[in-house]
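Asks: Contents of target_13.cif (mmCIF, C-alpha atoms):
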data_upload
loop_
_atom_site.label_atom_id
_atom_site.label_comp_id
_atom_site.auth_asym_id
_atom_site.auth_seq_id
_atom_site.Cartn_x
_atom_site.Cartn_y
_atom_site.Cartn_z
CA MET A 1 130.58 130.59 119.14
CA GLU A 2 128.56 130.79 115.92
CA GLY A 3 128.64 132.98 112.86
CA ASP A 4 126.31 135.72 114.10
CA ALA A 5 128.40 136.37 117.21
CA LEU A 6 131.51 136.62 115.07
CA ARG A 7 130.07 139.03 112.54
CA GLY A 8 132.13 142.20 112.63
CA HIS A 9 135.13 140.40 114.09
CA LEU A 10 135.84 138.04 111.22
CA GLU A 11 138.25 140.38 109.49
CA LEU A 12 140.15 140.96 112.73
CA LEU A 13 140.43 137.19 113.22
CA LEU A 14 141.69 136.71 109.67
CA LEU A 15 144.29 139.45 110.06
CA ALA A 16 145.43 137.85 113.32
CA ALA A 17 145.69 134.44 111.65
CA LEU A 18 147.72 135.88 108.79
CA ALA A 19 150.06 137.71 111.20
CA ARG A 20 151.29 134.28 112.23
CA ALA A 21 152.05 133.04 108.71
CA GLU A 22 150.84 133.31 105.12
CA GLN A 23 148.08 130.79 104.46
CA HIS A 24 145.45 129.73 101.97
CA GLY A 25 141.73 129.93 102.71
CA TYR A 26 141.10 126.41 103.96
CA ALA A 27 144.23 126.45 106.16
CA LEU A 28 143.07 129.76 107.68
CA ILE A 29 139.69 128.28 108.55
CA GLU A 30 141.27 125.18 110.05
CA TRP A 31 143.81 127.19 112.02
CA LEU A 32 141.12 129.43 113.53
CA ARG A 33 139.01 126.41 114.43
CA ALA A 34 141.94 124.59 116.04
CA ARG A 35 143.20 127.71 117.83
CA SER A 36 139.79 128.21 119.45
CA ASP A 37 139.47 124.52 120.42
CA GLY A 38 136.63 124.23 117.92
CA ALA A 39 134.65 127.04 119.58
CA LEU A 40 134.83 129.26 116.50
CA ASP A 41 132.26 127.90 114.10
CA LEU A 42 132.98 130.11 111.13
CA GLY A 43 130.55 130.30 108.31
CA GLU A 44 133.16 129.07 105.86
CA GLY A 45 131.44 130.73 102.95
CA SER A 46 131.94 134.12 104.57
CA VAL A 47 135.70 133.71 104.86
CA TYR A 48 136.52 134.03 101.17
CA PRO A 49 134.52 137.23 100.56
CA ALA A 50 136.11 138.65 103.73
CA LEU A 51 139.57 137.85 102.36
CA ARG A 52 138.67 139.65 99.13
CA ARG A 53 137.54 142.70 101.11
CA LEU A 54 140.80 142.73 103.06
CA GLU A 55 142.74 142.44 99.83
CA ALA A 56 140.80 145.27 98.16
CA ALA A 57 141.50 147.43 101.20
CA GLY A 58 145.23 146.70 100.90
CA PHE A 59 145.51 144.82 104.20
CA VAL A 60 146.48 141.53 102.56
CA THR A 61 147.91 140.41 99.23
CA SER A 62 147.47 137.07 97.55
CA SER A 63 149.00 134.93 94.83
CA TRP A 64 148.70 131.44 93.41
CA ARG A 65 151.15 128.86 94.65
CA THR A 66 151.56 125.37 93.24
CA GLU A 67 151.87 122.58 95.78
CA GLY A 68 152.23 119.23 94.11
CA ARG A 69 149.44 119.08 91.54
CA ARG A 70 147.32 121.70 93.27
CA ARG A 71 147.23 125.46 93.00
CA LYS A 72 146.38 127.37 96.15
CA ARG A 73 145.61 131.03 96.60
CA VAL A 74 147.90 132.11 99.42
CA TYR A 75 147.23 135.25 101.47
CA ARG A 76 149.77 137.31 103.37
CA LEU A 77 149.59 140.40 105.55
CA THR A 78 150.86 143.74 104.21
CA LYS A 79 152.43 146.53 106.26
CA ARG A 80 149.10 148.30 106.11
CA GLY A 81 147.44 145.14 107.39
CA GLU A 82 149.86 144.96 110.28
CA HIS A 83 148.95 148.53 111.29
CA ARG A 84 145.29 147.71 110.94
CA LEU A 85 145.65 144.60 113.07
CA ARG A 86 147.43 146.57 115.79
CA SER A 87 144.73 149.23 115.90
CA GLU A 88 141.88 146.68 115.77
CA ARG A 89 143.52 144.65 118.52
CA ASP A 90 143.84 147.74 120.72
CA GLY A 91 140.20 148.57 120.02
CA TRP A 92 139.16 145.04 120.95
CA HIS A 93 141.09 145.13 124.24
CA ASP A 94 139.49 148.48 125.10
CA LEU A 95 136.04 147.07 124.35
CA VAL A 96 136.63 143.95 126.46
CA ARG A 97 138.00 146.02 129.35
CA THR A 98 135.08 148.48 129.20
CA VAL A 99 132.40 145.79 128.98
CA GLY A 100 134.19 143.87 131.76
CA LEU A 101 134.13 146.90 134.05
CA VAL A 102 130.38 147.28 133.54
CA LEU A 103 129.63 143.60 134.03
CA GLU A 104 131.75 143.35 137.17
CA ALA A 105 130.02 146.40 138.65
CA SER A 106 126.55 144.91 138.21
CA MET B 1 128.53 114.85 88.17
CA THR B 2 129.54 115.03 91.84
CA ASP B 3 127.92 117.32 94.41
CA ALA B 4 131.06 119.46 94.48
CA GLU B 5 131.03 119.90 90.71
CA THR B 6 127.35 120.81 90.76
CA TYR B 7 128.03 123.32 93.53
CA LEU B 8 130.94 124.90 91.63
CA ARG B 9 128.90 125.06 88.44
CA GLU B 10 126.08 126.81 90.25
CA LEU B 11 128.54 129.18 91.87
CA ARG B 12 130.09 129.97 88.50
CA ARG B 13 126.67 130.73 87.02
CA SER B 14 125.83 133.08 89.88
CA LEU B 15 128.99 135.18 89.65
CA PRO B 16 129.82 138.04 87.29
CA ILE B 17 132.29 137.16 84.55
CA GLY B 18 135.07 139.39 85.86
CA CYS B 19 135.59 137.55 89.12
CA ARG B 20 134.25 134.06 88.57
CA ARG B 21 137.46 132.42 87.37
CA ARG B 22 139.56 133.17 90.42
CA PHE B 23 136.78 132.68 92.93
CA VAL B 24 135.64 129.35 91.49
CA ALA B 25 139.26 128.13 91.28
CA GLU B 26 139.72 129.06 94.92
CA MET B 27 136.56 127.28 95.97
CA ARG B 28 137.61 124.22 93.94
CA GLU B 29 140.81 124.17 95.95
CA HIS B 30 138.76 124.55 99.14
CA PHE B 31 136.83 121.41 98.21
CA ALA B 32 140.05 119.52 97.45
CA SER B 33 141.56 120.50 100.82
CA ALA B 34 138.38 119.69 102.73
CA ILE B 35 137.94 116.30 101.05
CA ALA B 36 141.59 115.42 101.72
CA ALA B 37 141.21 116.43 105.38
CA GLU B 38 138.01 114.40 105.78
CA ALA B 39 139.66 111.40 104.10
CA GLU B 40 142.26 111.40 106.86
CA HIS B 41 139.39 110.72 109.27
CA GLY B 42 138.04 107.94 107.09
CA VAL B 43 135.20 109.94 105.56
CA GLU B 44 134.28 108.88 102.02
CA ARG B 45 134.37 111.44 99.25
CA PRO B 46 130.59 111.86 98.72
CA GLU B 47 130.06 112.41 102.44
CA ALA B 48 133.05 114.78 102.59
CA GLU B 49 131.57 116.82 99.74
CA ARG B 50 128.21 116.96 101.48
CA LEU B 51 129.80 118.17 104.73
CA THR B 52 131.85 120.79 102.91
CA ILE B 53 128.78 122.14 101.12
CA GLU B 54 126.91 122.24 104.42
CA ARG B 55 129.67 124.34 106.01
CA LEU B 56 129.98 126.65 102.99
CA GLY B 57 126.27 127.29 102.69
CA PRO B 58 124.28 127.40 99.41
CA ALA B 59 126.20 128.51 96.31
CA PRO B 60 123.81 131.42 95.50
CA ALA B 61 124.23 132.73 99.05
CA LEU B 62 128.01 132.58 98.77
CA ALA B 63 127.91 134.31 95.39
CA GLY B 64 125.46 136.83 96.87
CA GLN B 65 127.97 137.85 99.54
CA LEU B 66 130.63 138.49 96.95
CA LEU B 67 128.20 140.34 94.69
CA ALA B 68 127.06 142.55 97.56
CA ASP B 69 130.69 143.48 98.25
CA LEU B 70 131.34 144.11 94.57
CA ARG B 71 128.28 146.32 94.13
CA GLY B 72 128.80 148.07 97.43
CA GLY B 73 132.31 149.09 96.39
CA ALA B 74 134.04 147.07 99.14
CA LEU B 75 136.18 145.47 96.46
CA GLY B 76 137.12 148.73 94.75
CA ARG B 77 136.06 150.51 91.57
CA PHE B 78 137.17 147.66 89.33
CA GLY B 79 135.14 145.27 91.44
CA ARG B 80 132.02 147.35 90.97
CA LEU B 81 132.61 147.40 87.22
CA SER B 82 133.16 143.65 87.06
CA ALA B 83 129.88 143.09 88.92
CA ALA B 84 128.10 144.83 86.05
CA VAL B 85 129.55 142.50 83.42
CA THR B 86 127.19 139.54 83.50
CA ALA B 87 126.67 136.95 80.78
CA PRO B 88 123.20 138.22 79.65
CA ARG B 89 124.52 141.78 79.44
CA LEU B 90 127.50 140.64 77.36
CA VAL B 91 125.19 138.78 74.97
CA ALA B 92 123.00 141.87 74.60
CA LEU B 93 126.05 144.05 73.94
CA ALA B 94 127.42 141.57 71.39
CA THR B 95 124.05 141.54 69.60
CA VAL B 96 123.95 145.32 69.39
CA ILE B 97 127.51 145.41 68.04
CA ALA B 98 126.75 142.67 65.48
CA VAL B 99 123.67 144.53 64.22
CA ALA B 100 125.63 147.79 64.02
CA VAL B 101 128.45 146.12 62.08
CA ALA B 102 125.98 144.44 59.70
CA ALA B 103 124.20 147.74 59.12
CA ALA B 104 127.50 149.53 58.48
CA ALA B 105 128.64 146.79 56.09
CA GLY B 106 125.29 146.99 54.29
CA ALA B 107 125.58 150.74 53.98
CA VAL B 108 129.08 150.42 52.53
CA PHE B 109 127.84 147.77 50.11
CA ALA B 110 124.92 149.93 49.05
CA GLY B 111 127.17 152.96 48.64
CA LYS B 112 129.53 150.98 46.45
CA HIS B 113 126.71 150.03 44.10
CA ALA B 114 125.28 153.54 44.05
CA SER B 115 128.57 154.99 42.93
CA ARG B 116 128.57 152.74 39.86
CA ALA B 117 125.29 154.14 38.62
CA GLU B 118 125.61 156.65 35.82
CA PRO B 119 123.97 160.07 36.00
CA VAL B 120 120.52 160.31 34.50
CA PRO B 121 120.83 161.89 31.05
CA GLU B 122 118.83 164.99 30.21
CA GLY B 123 115.39 164.31 28.82
CA THR B 124 115.10 160.86 30.41
CA THR B 125 113.53 159.63 33.59
CA GLY B 126 115.55 158.33 36.53
CA TYR B 127 114.33 156.69 39.70
CA ALA B 128 116.11 156.08 42.95
CA VAL B 129 115.27 152.72 44.49
CA SER B 130 116.28 151.04 47.65
CA ILE B 131 118.22 147.81 47.90
CA ASN B 132 118.43 145.35 50.70
CA PRO B 133 121.67 146.40 52.42
CA LEU B 134 122.22 142.91 53.85
CA THR B 135 121.90 140.98 50.59
CA GLY B 136 122.42 143.64 47.95
CA GLU B 137 119.41 142.20 46.12
CA VAL B 138 118.41 144.90 43.62
CA ARG B 139 117.26 143.22 40.40
CA PRO B 140 113.62 142.52 41.46
CA LEU B 141 113.25 146.16 42.38
CA LEU B 142 114.63 147.28 39.03
CA VAL B 143 112.32 144.98 37.13
CA ALA B 144 109.30 146.21 39.07
CA LEU B 145 110.37 149.78 38.55
CA GLN B 146 110.90 149.34 34.83
CA LYS B 147 107.40 147.93 34.43
CA GLY B 148 105.96 150.80 36.42
CA VAL B 149 107.74 153.42 34.37
CA ARG B 150 106.66 151.87 31.06
CA SER B 151 103.02 152.00 31.98
CA HIS B 152 103.29 155.48 33.47
CA ASN B 153 105.47 157.11 30.80
CA SER B 154 103.68 156.11 27.60
CA GLY B 155 105.85 153.07 27.17
CA ALA B 156 109.16 154.95 27.19
CA PRO B 157 111.82 152.38 28.04
CA LEU B 158 113.93 152.81 31.12
CA GLU B 159 117.46 151.55 30.86
CA LEU B 160 118.92 149.89 33.90
CA LYS B 161 121.95 152.16 33.79
CA GLN B 162 119.66 155.12 34.25
CA VAL B 163 118.52 153.91 37.64
CA TRP B 164 120.19 155.44 40.65
CA VAL B 165 120.57 152.99 43.42
CA VAL B 166 120.50 154.54 46.87
CA THR B 167 119.07 153.73 50.23
CA PRO B 168 116.67 154.33 51.89
CA VAL B 169 113.66 154.31 49.57
CA SER B 170 113.19 157.59 47.76
CA HIS B 171 111.88 158.79 44.44
CA ARG B 172 113.55 161.11 42.01
CA THR B 173 112.56 162.43 38.58
CA ARG B 174 114.58 164.55 36.24
CA ARG B 175 113.36 165.79 32.84
#
Before anything else, please render the file you have as structure tokens.

Replies:
Amino acid sequence: MEGDALRGHLELLLLAALARAEQHGYALIEWLRARSDGALDLGEGSVYPALRRLEAAGFVTSSWRTEGRRRKRVYRLTKRGEHRLRSERDGWHDLVRTVGLVLEAS
Amino acid sequence: MTDAETYLRELRRSLPIGCRRRFVAEMREHFASAIAAEAEHGVERPEAERLTIERLGPAPALAGQLLADLRGGALGRFGRLSAAVTAPRLVALATVIAVAVAAAAGAVFAGKHASRAEPVPEGTTGYAVSINPLTGEVRPLLVALQKGVRSHNSGAPLELKQVWVVTPVSHRTRR
């Protein structure tokens, strides 16, 4: 599944990934790729701006963490982000169910 | 310079000053992680950098996404403000401030010299002349003025202390 098909769902995917554990950008990308058996071909450049949008909206927070000699910007979900994820997930399930009903009827 | 460094430099140039430090640092870390991950699969560093750049997309496009979010307000009011602070705009602002400070300093300098001038005595002629506020250079003007007054006023001498020094250029006569 390529970038265009994922547009609009990227933020939901990132929230879902962060619900599992706090992560830095590259780890998020790798986790999403592995979790989808490589089917999610994220435009990696779009992930970081999306993380900034989520942070500005108060759904995630971030801070620098030193690991060895490297500093990584680590993102974590906020309470507001958890609520957002729940509502987006419900919306997604409704959409899938509705589209499924139509497709099965045709 | 490696491909990754060139990419980060280009990214840095394309971003507004307010957000470039964090974003570039984060992308530098992305490169480090990606190169380390590729190395585990036996991929050499130059090839790993090339693959990472390919997946990230061109630096101006990446910066463009962030800029669009900043300008569109998706990153808050501060984000919109930081998008406006670009290097050329800062240089222009600094130039305006420098000129204003120089002009103010010149005016103070000129004022200081003007206050030292004595009032023009009754029955004599006084002239106000301008000075260069940046250099304070006044003597050539006084000399020229003195010559002019001599020829115009039947050779009556004009003492330097009778010259009022003000700015801008004006002309004053008292009899």

Asks: Can you translate the PyMOL selection byres ((chain A) within 8 of (chain B)) into the concrete residues it hits in this file, as an NGL selection string?

Replies: :A and (25-26 or 43-46 or 49 or 52-53 or 55-57 or 70-73)

Asks: As an exercise, work out the distance from CA of Glu38 (chain B) to CA of Leu15 (chain B) in Å and give it to one decimal place.

Replies: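 So the answer is 27.8 Å.
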
Asks: Step by step, work through what the PyMOL selection byres ((chain B and resi 3-14) around 7) selects in the shown file, and finish by giving those residues as a tab-separated table (two decimals) with C-alpha atoms, in the frame of the given file.

Replies:
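Once written, result-v6.tsv looks like this:
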chain	number	residue	atom	x	y	z
B	1	MET	CA	128.53	114.85	88.17
B	2	THR	CA	129.54	115.03	91.84
B	15	LEU	CA	128.99	135.18	89.65
B	16	PRO	CA	129.82	138.04	87.29
B	20	ARG	CA	134.25	134.06	88.57
B	24	VAL	CA	135.64	129.35	91.49
B	49	GLU	CA	131.57	116.82	99.74
B	59	ALA	CA	126.20	128.51	96.31
B	60	PRO	CA	123.81	131.42	95.50
B	63	ALA	CA	127.91	134.31	95.39

Asks: Can you measure CA of Val47 (chain A) to CA of Ser62 (chain A) for me? One decimal in Å is fine.

Replies: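 A separation of 14.3 Å between them.
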
Asks: For CA of Leu14 (chain A) and CA of Ala50 (chain A), quote the distance in Å rounded to one decimal.

Replies: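 Between CA of Leu14 (chain A) and CA of Ala50 (chain A) the gap is 8.4 Å.
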
Asks: My list of candidates is A:Val74, A:Val96, A:Leu28, A:Ala39. Which is closest to Leu15 (chain A) when distances are computed with only C-alpha atoms?

Replies: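 Closest to Leu15 (chain A) of all the choices is A:Leu28.
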
Asks: Between A:Arg97, A:Arg20, A:Arg65, A:Arg33, which is the closest to Glu82 (chain A) once you count only C-alpha atoms?

Replies: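 Checking each candidate against Glu82 (chain A), we get A:Arg20 as the closest.
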
Asks: Determine the nearest neighbour of Asp41 (chain A) from the options A:Ser87, A:Tyr75, A:Leu10, A:Thr66, counting only C-alpha atoms.

Replies: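 Among A:Ser87, A:Tyr75, A:Leu10, A:Thr66, it is A:Leu10 that comes nearest to Asp41 (chain A).
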
Asks: Determine the residue membership of the PyMOL selection byres ((chain A and resi 77) around 8) for the file above and supply it as number ranges by chain.

Replies: A: 15, 18-19, 22, 59-61, 75-76, 78-82
